[in-house]
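Everything below belongs to entry00.cif, which stores mmCIF, C-alpha atoms and all ligand atoms.
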data_start
#
loop_
_atom_site.label_atom_id
_atom_site.label_comp_id
_atom_site.auth_asym_id
_atom_site.auth_seq_id
_atom_site.Cartn_x
_atom_site.Cartn_y
_atom_site.Cartn_z
CA MET C 1309 19.45 25.87 3.51
CA LYS C 1310 16.74 24.09 1.54
CA LYS C 1311 18.17 22.14 -1.41
CA ARG C 1312 16.82 23.09 -4.84
CA TYR C 1313 16.52 20.31 -7.43
CA ALA C 1314 17.05 21.03 -11.10
CA SER C 1315 14.82 19.27 -13.61
CA THR C 1316 17.55 16.81 -14.57
CA TRP C 1317 18.01 13.12 -13.70
CA GLU C 1318 21.49 13.96 -12.32
CA SER C 1319 20.03 16.45 -9.84
CA LEU C 1320 17.17 14.13 -8.88
CA LYS C 1321 19.61 11.30 -8.17
CA GLU C 1322 21.02 13.39 -5.32
CA HIS C 1323 17.71 12.97 -3.46
CA GLN C 1324 18.05 10.87 -0.31
CA VAL C 1325 15.29 8.76 1.26
CA PRO C 1326 14.11 10.97 4.17
CA LYS C 1327 14.53 9.81 7.76
CA TRP C 1328 10.75 9.77 8.41
CA TYR C 1329 10.27 7.13 5.68
CA GLU C 1330 13.23 5.02 6.86
CA ASP C 1331 11.93 5.23 10.47
CA GLY C 1332 8.20 4.95 9.76
CA LYS C 1333 8.08 1.25 8.73
CA PHE C 1334 4.28 0.89 8.63
CA GLY C 1335 1.70 2.62 6.46
CA ILE C 1336 -1.97 2.19 5.56
CA PHE C 1337 -2.96 2.04 1.88
CA ILE C 1338 -6.56 2.96 1.06
CA HIS C 1339 -8.35 1.96 -2.15
CA TRP C 1340 -11.70 3.73 -2.20
CA GLY C 1341 -13.78 4.77 -5.21
CA LEU C 1342 -16.62 3.88 -7.55
CA TYR C 1343 -15.54 0.21 -7.51
CA SER C 1344 -16.43 0.18 -3.78
CA VAL C 1345 -20.12 0.29 -4.81
CA PRO C 1346 -20.31 -3.09 -6.60
CA ALA C 1347 -17.53 -4.37 -4.28
CA PHE C 1348 -17.18 -7.62 -6.19
CA ALA C 1349 -14.40 -9.80 -7.52
CA PRO C 1350 -13.83 -13.55 -7.67
CA GLN C 1351 -11.46 -14.82 -4.97
CA THR C 1352 -8.80 -16.43 -7.10
CA TRP C 1353 -5.08 -15.83 -6.59
CA GLU C 1354 -2.50 -13.45 -5.11
CA LEU C 1355 -0.75 -11.32 -7.74
CA GLY C 1356 2.32 -13.23 -8.86
CA GLU C 1357 0.85 -16.66 -8.05
CA VAL C 1358 -0.22 -17.15 -11.70
CA PRO C 1359 1.02 -15.51 -14.92
CA PRO C 1360 -0.55 -12.09 -15.78
CA ASP C 1361 -2.44 -13.59 -18.75
CA GLU C 1362 -6.06 -13.92 -19.86
CA THR C 1363 -6.90 -16.32 -17.01
CA TRP C 1364 -5.73 -13.73 -14.45
CA PHE C 1365 -7.36 -10.72 -16.11
CA SER C 1366 -10.73 -12.40 -16.76
CA ASN C 1367 -10.82 -13.72 -13.18
CA ASN C 1368 -9.19 -10.67 -11.59
CA PRO C 1369 -9.39 -10.79 -7.77
CA TYR C 1370 -8.87 -7.01 -7.59
CA ALA C 1371 -12.33 -5.49 -6.96
CA GLU C 1372 -10.90 -2.10 -8.03
CA TRP C 1373 -10.52 -3.59 -11.54
CA TYR C 1374 -14.31 -4.04 -11.82
CA TYR C 1375 -14.56 -1.77 -14.92
CA ASN C 1376 -12.12 -3.88 -16.91
CA SER C 1377 -13.48 -7.14 -15.47
CA ILE C 1378 -16.92 -6.32 -16.95
CA ASN C 1379 -15.44 -4.66 -20.04
CA VAL C 1380 -13.86 -7.95 -21.18
CA GLY C 1381 -17.44 -9.18 -21.64
CA TYR C 1382 -17.18 -12.53 -19.85
CA GLY C 1383 -16.07 -14.09 -16.54
CA PRO C 1384 -17.36 -14.03 -12.93
CA SER C 1385 -17.47 -10.22 -12.56
CA TYR C 1386 -19.25 -9.78 -15.90
CA ASP C 1387 -21.83 -12.42 -14.91
CA TYR C 1388 -22.27 -10.77 -11.49
CA HIS C 1389 -22.74 -7.35 -13.10
CA VAL C 1390 -25.36 -8.54 -15.60
CA GLN C 1391 -27.24 -10.41 -12.89
CA LYS C 1392 -27.13 -7.59 -10.30
CA TYR C 1393 -27.27 -4.43 -12.42
CA GLY C 1394 -28.26 -5.57 -15.90
CA LYS C 1395 -26.37 -5.74 -19.19
CA ASP C 1396 -26.96 -2.05 -20.03
CA PHE C 1397 -25.88 -0.61 -16.68
CA LYS C 1398 -22.82 1.57 -17.25
CA TYR C 1399 -19.95 1.71 -14.73
CA GLU C 1400 -20.18 5.53 -14.79
CA GLN C 1401 -23.63 5.25 -13.14
CA PHE C 1402 -21.87 4.18 -9.95
CA ALA C 1403 -20.70 7.82 -9.73
CA ASP C 1404 -24.18 8.79 -8.55
CA MET C 1405 -24.58 5.77 -6.27
CA TRP C 1406 -21.39 6.36 -4.27
CA LYS C 1407 -22.50 8.63 -1.38
CA ALA C 1408 -19.94 7.99 1.40
CA GLU C 1409 -22.84 8.90 3.68
CA LYS C 1410 -21.27 7.45 6.83
CA TRP C 1411 -17.77 8.71 6.19
CA ASN C 1412 -15.95 10.36 9.09
CA PRO C 1413 -12.35 11.09 8.07
CA ALA C 1414 -11.35 11.94 11.65
CA GLU C 1415 -12.53 8.49 12.77
CA TRP C 1416 -10.43 6.86 10.05
CA ALA C 1417 -7.36 8.91 11.05
CA ARG C 1418 -7.79 7.97 14.72
CA LEU C 1419 -7.97 4.28 13.77
CA PHE C 1420 -4.78 4.56 11.65
CA LYS C 1421 -3.04 6.20 14.61
CA LYS C 1422 -4.20 3.42 16.95
CA ALA C 1423 -2.96 0.90 14.38
CA GLY C 1424 0.55 2.28 14.81
CA ALA C 1425 0.78 3.52 11.23
CA GLU C 1426 3.17 6.39 10.51
CA TYR C 1427 1.80 7.23 7.06
CA VAL C 1428 -1.29 6.81 4.91
CA VAL C 1429 -1.59 6.55 1.10
CA LEU C 1430 -5.01 7.20 -0.52
CA THR C 1431 -6.03 6.57 -4.14
CA THR C 1432 -6.71 9.95 -5.76
CA LYS C 1433 -7.50 8.46 -9.19
CA HIS C 1434 -7.41 4.73 -9.87
CA HIS C 1435 -7.45 3.12 -13.33
CA ASP C 1436 -11.16 3.94 -13.76
CA GLY C 1437 -10.26 7.63 -14.01
CA PHE C 1438 -12.67 8.81 -11.30
CA CYS C 1439 -10.94 11.45 -9.16
CA LEU C 1440 -11.41 11.73 -5.41
CA PHE C 1441 -10.49 15.43 -5.54
CA PRO C 1442 -11.94 18.53 -7.33
CA SER C 1443 -9.69 18.35 -10.40
CA GLU C 1444 -9.78 21.29 -12.82
CA TYR C 1445 -9.19 18.80 -15.65
CA THR C 1446 -12.29 16.62 -15.35
CA ASP C 1447 -15.78 16.78 -13.83
CA TYR C 1448 -15.63 13.01 -13.30
CA ASN C 1449 -14.76 13.55 -9.67
CA ALA C 1450 -16.07 13.21 -6.12
CA TRP C 1451 -16.58 16.97 -5.76
CA ARG C 1452 -19.08 17.10 -8.64
CA ARG C 1453 -20.57 13.62 -8.33
CA GLY C 1454 -21.51 11.09 -5.63
CA PRO C 1455 -20.02 12.16 -2.27
CA GLN C 1456 -19.68 15.78 -3.47
CA ARG C 1457 -16.67 16.20 -1.18
CA ASP C 1458 -12.96 16.75 -1.56
CA ILE C 1459 -12.18 13.26 -0.25
CA VAL C 1460 -8.44 13.76 -0.69
CA GLY C 1461 -8.41 17.11 1.11
CA ASP C 1462 -10.68 16.04 3.96
CA LEU C 1463 -8.67 12.89 4.70
CA THR C 1464 -5.35 14.72 4.34
CA ASP C 1465 -6.44 17.24 6.98
CA ALA C 1466 -7.66 14.50 9.35
CA VAL C 1467 -4.50 12.40 8.94
CA ARG C 1468 -2.23 15.38 9.55
CA GLU C 1469 -4.33 16.28 12.60
CA GLU C 1470 -3.18 12.91 14.01
CA LYS C 1471 0.44 13.82 13.15
CA LEU C 1472 0.65 11.10 10.49
CA ARG C 1473 2.14 11.60 7.03
CA MET C 1474 -0.27 11.74 4.06
CA GLY C 1475 0.65 10.12 0.76
CA LEU C 1476 -1.25 10.11 -2.52
CA TYR C 1477 -1.64 7.34 -5.10
CA TYR C 1478 -2.11 8.22 -8.78
CA SER C 1479 -2.74 5.82 -11.65
CA GLY C 1480 -0.21 7.40 -14.00
CA ILE C 1481 -0.30 5.28 -17.12
CA VAL C 1482 -3.76 3.64 -17.00
CA ASP C 1483 -6.94 5.72 -17.28
CA TRP C 1484 -9.95 3.99 -18.79
CA THR C 1485 -11.67 7.33 -19.48
CA PHE C 1486 -8.97 7.91 -22.16
CA ALA C 1487 -8.37 4.37 -23.46
CA ASP C 1488 -10.43 1.38 -22.41
CA ASP C 1489 -9.67 -1.48 -24.77
CA PRO C 1490 -10.23 -4.62 -22.69
CA ILE C 1491 -7.04 -5.67 -20.89
CA LEU C 1492 -6.33 -9.40 -20.97
CA ASN C 1493 -2.54 -9.47 -20.52
CA ASN C 1494 0.36 -7.22 -19.54
CA GLU C 1495 1.01 -6.27 -23.18
CA ASP C 1496 -2.55 -4.87 -23.35
CA LEU C 1497 -1.98 -3.18 -19.99
CA PHE C 1498 1.01 -1.23 -21.24
CA HIS C 1499 -0.32 -0.85 -24.83
CA THR C 1500 -3.81 0.24 -23.76
CA ALA C 1501 -2.25 2.59 -21.33
CA SER C 1502 -3.61 5.82 -22.72
CA PRO C 1503 -1.26 6.15 -25.70
CA THR C 1504 -1.77 9.84 -26.48
CA PHE C 1505 0.08 13.10 -25.83
CA ALA C 1506 -3.26 14.51 -24.67
CA TYR C 1507 -3.36 11.96 -21.87
CA ALA C 1508 0.30 12.49 -21.01
CA ASP C 1509 -0.44 16.20 -20.47
CA TYR C 1510 -3.54 15.31 -18.46
CA ALA C 1511 -1.54 13.05 -16.15
CA TYR C 1512 1.16 15.72 -15.77
CA ASN C 1513 -1.39 18.46 -15.03
CA GLN C 1514 -3.29 16.37 -12.48
CA SER C 1515 -0.06 15.33 -10.77
CA MET C 1516 0.92 19.01 -10.48
CA GLU C 1517 -2.54 19.72 -9.04
CA LEU C 1518 -2.04 17.05 -6.39
CA ILE C 1519 1.46 18.26 -5.50
CA ASP C 1520 0.56 21.95 -5.33
CA ARG C 1521 -2.74 21.49 -3.49
CA TYR C 1522 -1.92 18.73 -1.00
CA ALA C 1523 1.92 18.53 -0.78
CA PRO C 1524 1.84 14.75 -0.23
CA SER C 1525 4.69 13.11 1.70
CA VAL C 1526 4.50 10.14 -0.71
CA PHE C 1527 3.78 10.37 -4.44
CA TRP C 1528 2.77 6.78 -5.18
CA ASN C 1529 2.49 6.44 -8.94
CA ASP C 1530 1.09 3.16 -10.25
CA ILE C 1531 1.87 0.81 -13.15
CA GLY C 1532 3.96 3.38 -15.08
CA TRP C 1533 4.10 6.84 -16.63
CA PRO C 1534 2.77 7.76 -20.12
CA ARG C 1535 5.61 7.17 -22.59
CA GLN C 1536 4.65 10.40 -24.38
CA GLY C 1537 5.15 12.24 -21.09
CA GLU C 1538 8.50 10.83 -20.01
CA GLN C 1539 10.21 14.09 -20.91
CA ASN C 1540 7.94 15.87 -18.39
CA LEU C 1541 9.14 13.67 -15.53
CA PRO C 1542 12.40 15.44 -14.54
CA TYR C 1543 10.50 18.70 -14.13
CA LEU C 1544 7.53 17.07 -12.38
CA LEU C 1545 9.75 15.24 -9.89
CA SER C 1546 12.05 18.21 -9.25
CA HIS C 1547 8.94 20.33 -8.68
CA TYR C 1548 7.70 17.68 -6.27
CA TYR C 1549 10.93 17.62 -4.24
CA ASN C 1550 11.21 21.44 -4.31
CA THR C 1551 7.64 21.59 -3.00
CA VAL C 1552 7.82 18.66 -0.56
CA GLU C 1553 11.41 18.59 0.70
CA ASP C 1554 11.07 15.24 2.52
CA GLY C 1555 8.79 13.65 -0.07
CA VAL C 1556 9.35 10.17 -1.52
CA VAL C 1557 8.40 8.50 -4.79
CA ASN C 1558 8.17 4.81 -5.67
CA ASP C 1559 9.62 2.86 -8.60
CA ARG C 1560 6.67 2.87 -10.99
CA PHE C 1561 7.90 5.57 -13.38
CA ASN C 1562 8.97 3.19 -16.18
CA ASP C 1563 12.08 2.25 -14.18
CA LEU C 1564 13.47 5.73 -14.76
CA PHE C 1565 13.78 6.80 -11.12
CA HIS C 1566 12.81 5.92 -7.55
CA ASP C 1567 13.41 6.51 -3.86
CA PHE C 1568 12.09 3.07 -2.94
CA THR C 1569 11.20 -0.08 -4.84
CA THR C 1570 7.87 -1.87 -4.50
CA LYS C 1571 6.59 -5.41 -4.04
CA GLU C 1572 2.92 -6.22 -4.55
CA TYR C 1573 1.83 -9.59 -3.04
CA GLN C 1574 4.19 -12.12 -4.65
CA SER C 1575 5.10 -9.83 -7.54
CA GLY C 1576 8.31 -7.81 -7.58
CA SER C 1577 11.57 -8.35 -5.74
CA ALA C 1578 13.12 -6.88 -2.60
CA ASN C 1579 16.81 -6.13 -2.19
CA ARG C 1580 17.70 -5.53 1.46
CA ARG C 1581 20.54 -3.21 0.39
CA GLU C 1582 18.07 -0.54 -0.70
CA LYS C 1583 14.79 0.80 0.67
CA TRP C 1584 11.69 -1.05 -0.51
CA GLU C 1585 8.02 -1.28 0.36
CA MET C 1586 5.73 -4.34 0.54
CA CYS C 1587 2.07 -3.68 -0.24
CA ARG C 1588 -0.94 -5.99 -0.26
CA GLY C 1589 -4.61 -6.04 0.57
CA MET C 1590 -5.94 -7.78 3.65
CA GLY C 1591 -7.44 -10.37 1.29
CA LEU C 1592 -6.78 -10.80 -2.44
CA SER C 1593 -8.16 -7.36 -3.38
CA PHE C 1594 -7.30 -3.73 -2.68
CA GLY C 1595 -10.79 -2.38 -3.30
CA TYR C 1596 -13.49 -3.63 -0.90
CA ASN C 1597 -14.75 -7.07 -1.93
CA ALA C 1598 -17.92 -7.91 -0.02
CA MET C 1599 -17.16 -11.60 -0.65
CA GLU C 1600 -13.97 -11.40 1.49
CA SER C 1601 -15.17 -12.48 4.95
CA ASP C 1602 -13.03 -12.67 8.09
CA ASP C 1603 -11.86 -16.21 7.33
CA LYS C 1604 -10.75 -15.19 3.83
CA ILE C 1605 -8.28 -12.44 4.77
CA ILE C 1606 -4.82 -12.40 6.32
CA SER C 1607 -4.71 -13.48 9.98
CA ILE C 1608 -3.51 -11.07 12.67
CA GLU C 1609 -0.50 -13.31 13.29
CA ASP C 1610 0.43 -13.41 9.59
CA ALA C 1611 0.01 -9.65 9.23
CA ILE C 1612 2.42 -9.01 12.13
CA SER C 1613 4.76 -11.69 10.82
CA LEU C 1614 4.78 -9.89 7.43
CA LEU C 1615 5.51 -6.56 9.13
CA VAL C 1616 8.43 -8.08 11.09
CA SER C 1617 10.00 -9.93 8.14
CA THR C 1618 9.59 -6.86 5.90
CA VAL C 1619 11.16 -4.42 8.37
CA ALA C 1620 14.01 -6.83 9.22
CA ASN C 1621 14.89 -6.85 5.51
CA ASN C 1622 14.95 -3.05 5.06
CA GLY C 1623 11.33 -2.69 3.91
CA ASN C 1624 8.21 -0.82 4.94
CA LEU C 1625 4.82 -2.53 5.02
CA LEU C 1626 2.00 -0.60 3.32
CA LEU C 1627 -1.06 -2.65 4.33
CA ASN C 1628 -4.22 -1.83 2.40
CA ILE C 1629 -7.78 -1.35 3.62
CA GLY C 1630 -10.77 -1.36 1.29
CA PRO C 1631 -13.54 0.73 2.89
CA ARG C 1632 -17.20 0.17 2.02
CA ALA C 1633 -18.89 2.71 -0.31
CA ASP C 1634 -20.68 4.27 2.70
CA GLY C 1635 -17.36 5.16 4.34
CA THR C 1636 -17.31 2.47 7.02
CA ILE C 1637 -14.31 0.17 7.42
CA PRO C 1638 -15.23 -3.54 7.54
CA GLU C 1639 -14.95 -4.85 11.09
CA GLU C 1640 -12.58 -7.67 10.12
CA GLN C 1641 -10.14 -5.13 8.65
CA GLU C 1642 -10.41 -2.81 11.69
CA LYS C 1643 -9.74 -5.78 14.00
CA ARG C 1644 -6.44 -6.47 12.25
CA LEU C 1645 -5.34 -2.84 12.35
CA LEU C 1646 -6.05 -2.61 16.10
CA ALA C 1647 -4.18 -5.86 16.80
CA ILE C 1648 -1.13 -4.65 14.88
CA GLY C 1649 -1.27 -1.43 16.87
CA GLU C 1650 -1.44 -3.42 20.13
CA TRP C 1651 1.60 -5.47 19.14
CA LEU C 1652 3.52 -2.36 18.14
CA ARG C 1653 2.66 -0.62 21.42
CA VAL C 1654 4.55 -3.42 23.22
CA ASN C 1655 7.25 -4.31 20.64
CA GLY C 1656 7.56 -1.14 18.56
CA GLU C 1657 11.04 -0.18 19.84
CA ALA C 1658 12.40 -3.04 17.69
CA ILE C 1659 10.54 -1.66 14.66
CA TYR C 1660 10.20 2.13 14.54
CA GLY C 1661 13.49 3.90 13.84
CA SER C 1662 15.30 0.56 13.56
CA ARG C 1663 17.63 -0.31 10.74
CA CYS C 1664 18.38 -3.51 8.90
CA SER C 1665 20.90 -5.63 10.81
CA SER C 1666 23.99 -7.09 9.16
CA ARG C 1667 22.62 -10.38 10.51
CA GLU C 1668 20.30 -11.89 7.92
CA SER C 1669 17.04 -13.55 8.98
CA ILE C 1670 17.30 -17.27 9.83
CA LYS C 1671 14.64 -19.70 8.63
CA TYR C 1672 14.59 -22.85 10.81
CA THR C 1673 11.33 -24.25 9.38
CA ASP C 1674 8.38 -22.76 7.45
CA GLN C 1675 6.87 -21.93 10.85
CA ILE C 1676 9.96 -20.80 12.76
CA GLN C 1677 12.07 -17.83 11.71
CA VAL C 1678 14.32 -15.42 13.59
CA HIS C 1679 14.75 -11.84 12.38
CA PHE C 1680 17.07 -9.06 13.56
CA THR C 1681 16.91 -5.29 13.71
CA GLU C 1682 19.24 -2.72 15.23
CA ARG C 1683 18.52 0.59 16.93
CA GLU C 1684 20.63 2.92 19.06
CA GLY C 1685 23.35 0.35 19.59
CA ALA C 1686 20.98 -2.45 20.62
CA LEU C 1687 20.37 -5.64 18.66
CA TYR C 1688 16.79 -6.97 18.62
CA VAL C 1689 16.01 -10.64 18.13
CA LEU C 1690 12.49 -11.25 16.79
CA ILE C 1691 11.42 -14.88 17.09
CA ASP C 1692 8.47 -15.72 14.85
CA ALA C 1693 6.98 -19.15 15.68
CA LYS C 1694 3.84 -19.29 13.56
CA GLY C 1695 1.10 -21.32 15.16
CA ARG C 1696 3.34 -22.56 17.98
CA SER C 1697 2.62 -22.02 21.71
CA GLN C 1698 6.22 -22.81 22.65
CA VAL C 1699 9.56 -22.88 20.82
CA ALA C 1700 13.25 -23.37 21.46
CA VAL C 1701 15.76 -21.96 18.99
CA THR C 1702 19.51 -21.54 19.17
CA VAL C 1703 20.76 -18.38 17.51
CA PRO C 1704 24.44 -18.64 16.58
CA GLY C 1705 26.95 -15.89 17.24
CA LEU C 1706 24.99 -14.18 20.01
CA ARG C 1707 26.09 -13.57 23.56
CA GLY C 1708 24.99 -11.31 26.40
CA ASN C 1709 21.76 -10.63 28.22
CA ALA C 1710 18.47 -10.82 26.25
CA ILE C 1711 15.37 -9.18 27.71
CA PRO C 1712 11.85 -9.75 26.25
CA LEU C 1713 10.11 -6.45 25.35
CA ASP C 1714 6.74 -7.96 26.35
CA PRO C 1715 6.69 -8.66 30.11
CA GLU C 1716 4.06 -11.32 29.44
CA VAL C 1717 6.56 -13.37 27.39
CA ASP C 1718 7.87 -16.26 29.48
CA ALA C 1719 11.27 -17.29 28.12
CA GLU C 1720 14.57 -18.76 29.22
CA ILE C 1721 17.76 -17.72 27.45
CA THR C 1722 20.86 -19.84 27.97
CA ALA C 1723 24.36 -19.50 26.57
CA VAL C 1724 25.32 -22.54 24.49
CA ASP C 1725 28.33 -23.24 22.30
CA GLY C 1726 28.67 -20.22 20.04
CA GLY C 1727 25.30 -18.72 20.65
CA LEU C 1728 22.18 -18.23 22.74
CA CYS C 1729 19.30 -20.69 23.09
CA PHE C 1730 15.90 -19.01 23.41
CA THR C 1731 13.23 -21.24 24.99
CA VAL C 1732 9.90 -19.40 24.77
CA LYS C 1733 7.32 -21.08 26.99
CA ASN C 1734 4.62 -18.44 26.57
CA PHE C 1735 4.31 -15.69 23.93
CA GLY C 1736 1.95 -13.64 26.10
CA SER C 1737 -0.12 -11.25 23.99
CA SER C 1738 2.53 -11.09 21.30
CA GLN C 1739 0.85 -13.20 18.63
CA ASN C 1740 3.62 -15.81 18.59
CA ILE C 1741 6.24 -13.23 17.78
CA ALA C 1742 8.48 -12.65 20.79
CA VAL C 1743 11.00 -9.80 20.67
CA PHE C 1744 14.16 -9.61 22.75
CA ARG C 1745 16.59 -6.73 23.22
CA LEU C 1746 20.18 -7.85 23.46
CA ASN C 1747 22.34 -5.43 25.40
C1 LIG G 1 -0.29 -2.11 -5.25
C2 LIG G 1 -1.64 -1.49 -5.62
C3 LIG G 1 -1.44 -0.02 -5.71
C4 LIG G 1 -2.10 -2.12 -6.92
N1 LIG G 1 -1.31 -1.66 -8.03
C5 LIG G 1 -1.67 -2.23 -9.32
C6 LIG G 1 -3.17 -1.98 -9.60
O1 LIG G 1 -3.53 -2.55 -10.83
C7 LIG G 1 -4.00 -2.54 -8.47
O2 LIG G 1 -5.35 -2.32 -8.74
C8 LIG G 1 -3.60 -1.88 -7.16
O3 LIG G 1 -3.89 -0.49 -7.24
#
Before anything else, please render the file you have as structure tokens.
Ligand SMILES: CC(C)[C@@H]1NC[C@@H](O)[C@H](O)[C@@H]1O
Amino acid sequence: MKKRYASTWESLKEHQVPKWYEDGKFGIFIHWGLYSVPAFAPQTWELGEVPPDETWFSNNPYAEWYYNSINVGYGPSYDYHVQKYGKDFKYEQFADMWKAEKWNPAEWARLFKKAGAEYVVLTTKHHDGFCLFPSEYTDYNAWRRGPQRDIVGDLTDAVREEKLRMGLYYSGIVDWTFADDPILNNEDLFHTASPTFAYADYAYNQSMELIDRYAPSVFWNDIGWPRQGEQNLPYLLSHYYNTVEDGVVNDRFNDLFHDFTTKEYQSGSANRREKWEMCRGMGLSFGYNAMESDDKIISIEDAISLLVSTVANNGNLLLNIGPRADGTIPEEQEKRLLAIGEWLRVNGEAIYGSRCSSRESIKYTDQIQVHFTEREGALYVLIDAKGRSQVAVTVPGLRGNAIPLDPEVDAEITAVDGGLCFTVKNFGSSQNIAVFRLN
């Protein structure tokens, strides 16, 4: 019997994180929109590395923040815009330059499948207010302008064709088509955030559109929810769960409710006792930044290391891609997705469907860590030896027979006082992360 949720916080709190989200572990975030046309941001810091003050916001590494970065009227993005497009060029003009002429949603979905992703989350409306779906509430959308397609609908169909889950991102509290005072600190961000009842209704109505039309498995709201619309939330979320029984929502509804908490680069915290999700771009930006070349984005080894450490601590990794405006995925990003998929094809039994072990991760040095997961009665030992071709680590409290999941891994495991010593002589194709099943 399908559970019905009432539009009350008490009823919503009965919602459990669905098994697919606990099991899925790895998703692909996609930031695609008008900002993909200029595709520019200075390469400065990871979020959380420096305070969210004027220095951060006027040198914002997020290419998807291009509107605000030029709206502040100074800084690298402003200078780039004036030089490339001219002082009088309006951001809204990108709406007729974005054509997505090479976009093949089925190709994207096949790549995400090969990458080993279990779910996908696409921006439907970022802070710039441009919608990637035919909204009834604005003509500033990809159906009327630019690509003249229902980007959200076409990708949702293609992703589901590959038997992956489709999630939708919505910028709930920030929409620069309603309020666009320049943002130079977090106070501005939350003050500027569309402070009207009219916008609160707009955000509610568009969220209902997205739920009713696409039934997303993830409703990924960003930054927060309009204060004037907080009283709409219990109904909106109960409607969501009554429409999408195994749907999940994140923790960006003004700390009022969540299924999972979120980390973004170095910002936010993760508590292994509850479900959380780590998200980041491949480089410093979510939107495509043409300046981010192969040597400027996360290495394959570090991406897999992040997946392993996140999953071992009860998280999911939502790794972002920033496609070009024409609909192609930069080769350096595709290379990383395929390598992650390759690693998961060999070592995925320690990841998919696993659960956090009572054994906490062990950090021997900055380069050498051992993580644990459990699945179907087996304990998995994941040895991460960044940059090392060989390693020997003793893991206390273990005994029994340890088998490497990758037959190419050459390792010796010996029983020592109170534990097992793993001597890995060759990591094979496993990117310096060797996984052992302990029976
Ligand atoms: C994690 C990701 C969804 C980021 N959230 C905050 C935004 O300001 C940023 O552009 C990006 O969308």
**Item:** Nearby residues (all atoms listed in the file) at most 8 Å from C:Val1689, same-chain spacing under 6 positions excluded, as a ChimeraX atom specification
**Value:** /C:1678-1681,1743-1746
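Reported to one decimal place, the separation of atom CA of C:Leu1614 from atom CA of C:Gly1480 is 28.0 Å.
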Excluding C:Gln1641 and residues on its chain fewer than 5 positions from it, collect all residues at most 10 Å away from it, counting all atoms listed in the file, and give them as a short mmCIF file (atom, residue, chain, number, x, y, z; two decimals) with C-alpha atoms, keeping the file's coordinate frame.
data_model
loop_
_atom_site.label_atom_id
_atom_site.label_comp_id
_atom_site.auth_asym_id
_atom_site.auth_seq_id
_atom_site.Cartn_x
_atom_site.Cartn_y
_atom_site.Cartn_z
CA GLY C 1589 -4.61 -6.04 0.57
CA MET C 1590 -5.94 -7.78 3.65
CA GLY C 1591 -7.44 -10.37 1.29
CA SER C 1601 -15.17 -12.48 4.95
CA ASP C 1602 -13.03 -12.67 8.09
CA ILE C 1605 -8.28 -12.44 4.77
CA ILE C 1606 -4.82 -12.40 6.32
CA ILE C 1608 -3.51 -11.07 12.67
CA ASN C 1628 -4.22 -1.83 2.40
CA ILE C 1629 -7.78 -1.35 3.62
CA GLY C 1630 -10.77 -1.36 1.29
CA PRO C 1631 -13.54 0.73 2.89
CA LEU C 1646 -6.05 -2.61 16.10
#
**Prompt:** Is there a way to get, as a PyMOL selection string, all residues within 12 Å of the point (-20.5, 12.8, 0.8) in file coordinates, counting all atoms listed in the file?
**Reply:** chain C and resi 1403-1413+1440+1449-1459+1462+1633-1635
**Request:** Please check which protein, DNA or RNA residues sit within 7 Å of ligand LIG 1 (chain G), counting only C-alpha atoms and all ligand atoms, and write them as a ChimeraX atom specification.
**Result:** /C:1370,1372-1373,1434,1530-1531,1572,1587-1588,1594
**Prompt:** Expressed in Å to a single decimal, how great is the separation between atom CA of C:Asn1368 and atom CA of C:Phe1402?
**Reply:** 19.6 Å
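One distance worth recording is that between atom CA of C:Tyr1445 and atom CA of C:Leu1476, which is 17.6 Å.
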**Request:** For C:Asn1621, work out the shell of residues within 7 Å, counting all atoms listed in the file and skipping chain neighbours fewer than 4 positions away, then give it as a list in words.
**Result:** Arg1580, Ser1617 and Cys1664 of chain C
Near stretch 1315-1334 of chain C, 10 Å: stretch 1365-1479 of chain C residue rows, closest pairs, all atoms listed in the file, as a tab-separated table:
residue	atom	partner	partner_atom	distance
C:Ala1423	CA	C:Phe1334	CA	9.2
C:Gly1424	CA	C:Phe1334	CA	7.4
C:Ala1425	CA	C:Phe1334	CA	5.1
C:Glu1426	CA	C:Gly1332	CA	5.3
C:Tyr1427	CA	C:Phe1334	CA	7.0
C:Val1428	CA	C:Phe1334	CA	8.9
C:Leu1472	CA	C:Gly1332	CA	9.8
C:Arg1473	CA	C:Trp1328	CA	8.9
**Message:** Measuring between only C-alpha atoms, which one of C:Glu1609, C:Asp1496, C:Glu1668, C:Glu1639 shows the shortest distance to C:Arg1696?
**Reply:** C:Glu1609
**Asked** How would you write as a list in words the residues that get within 8 Å of (-4.3, 1.0, 13.7) in the file's frame, counting all atoms listed in the file?
**Response** Arg1418, Leu1419, Phe1420, Lys1421, Lys1422, Ala1423, Gly1424, Ala1425, Glu1642, Arg1644, Leu1645, Leu1646, Ala1647, Ile1648 and Gly1649 of chain C
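Checking C:Glu1444, C:Glu1415, C:Asp1488, C:Asp1520 one by one against C:Ala1466, counting all atoms listed in the file, you find the shortest gap at C:Glu1415.
Minimum distance to C:Ala1349 across C:Ile1519, C:Ile1378, C:Val1390, C:Leu1625 (counting only C-alpha atoms) occurs at C:Ile1378.
Taking all atoms listed in the file into account, C:Asp1674 lies nearest to C:Asp1692 out of the set C:Asp1692, C:Glu1517, C:Asp1714, C:Glu1657.
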**Prompt:** Could you pull the residues within 7 Å of stretch 1523-1528 of chain C, counting all atoms listed in the file, minus those fewer than 6 positions along the same chain, as a PyMOL selection string?
**Reply:** chain C and resi 1473-1478+1551-1552+1554-1558
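Minimum distance to C:Leu1652 across C:Ser1613, C:Gln1677, C:Asn1529, C:Thr1485 (counting only C-alpha atoms) occurs at C:Ser1613.
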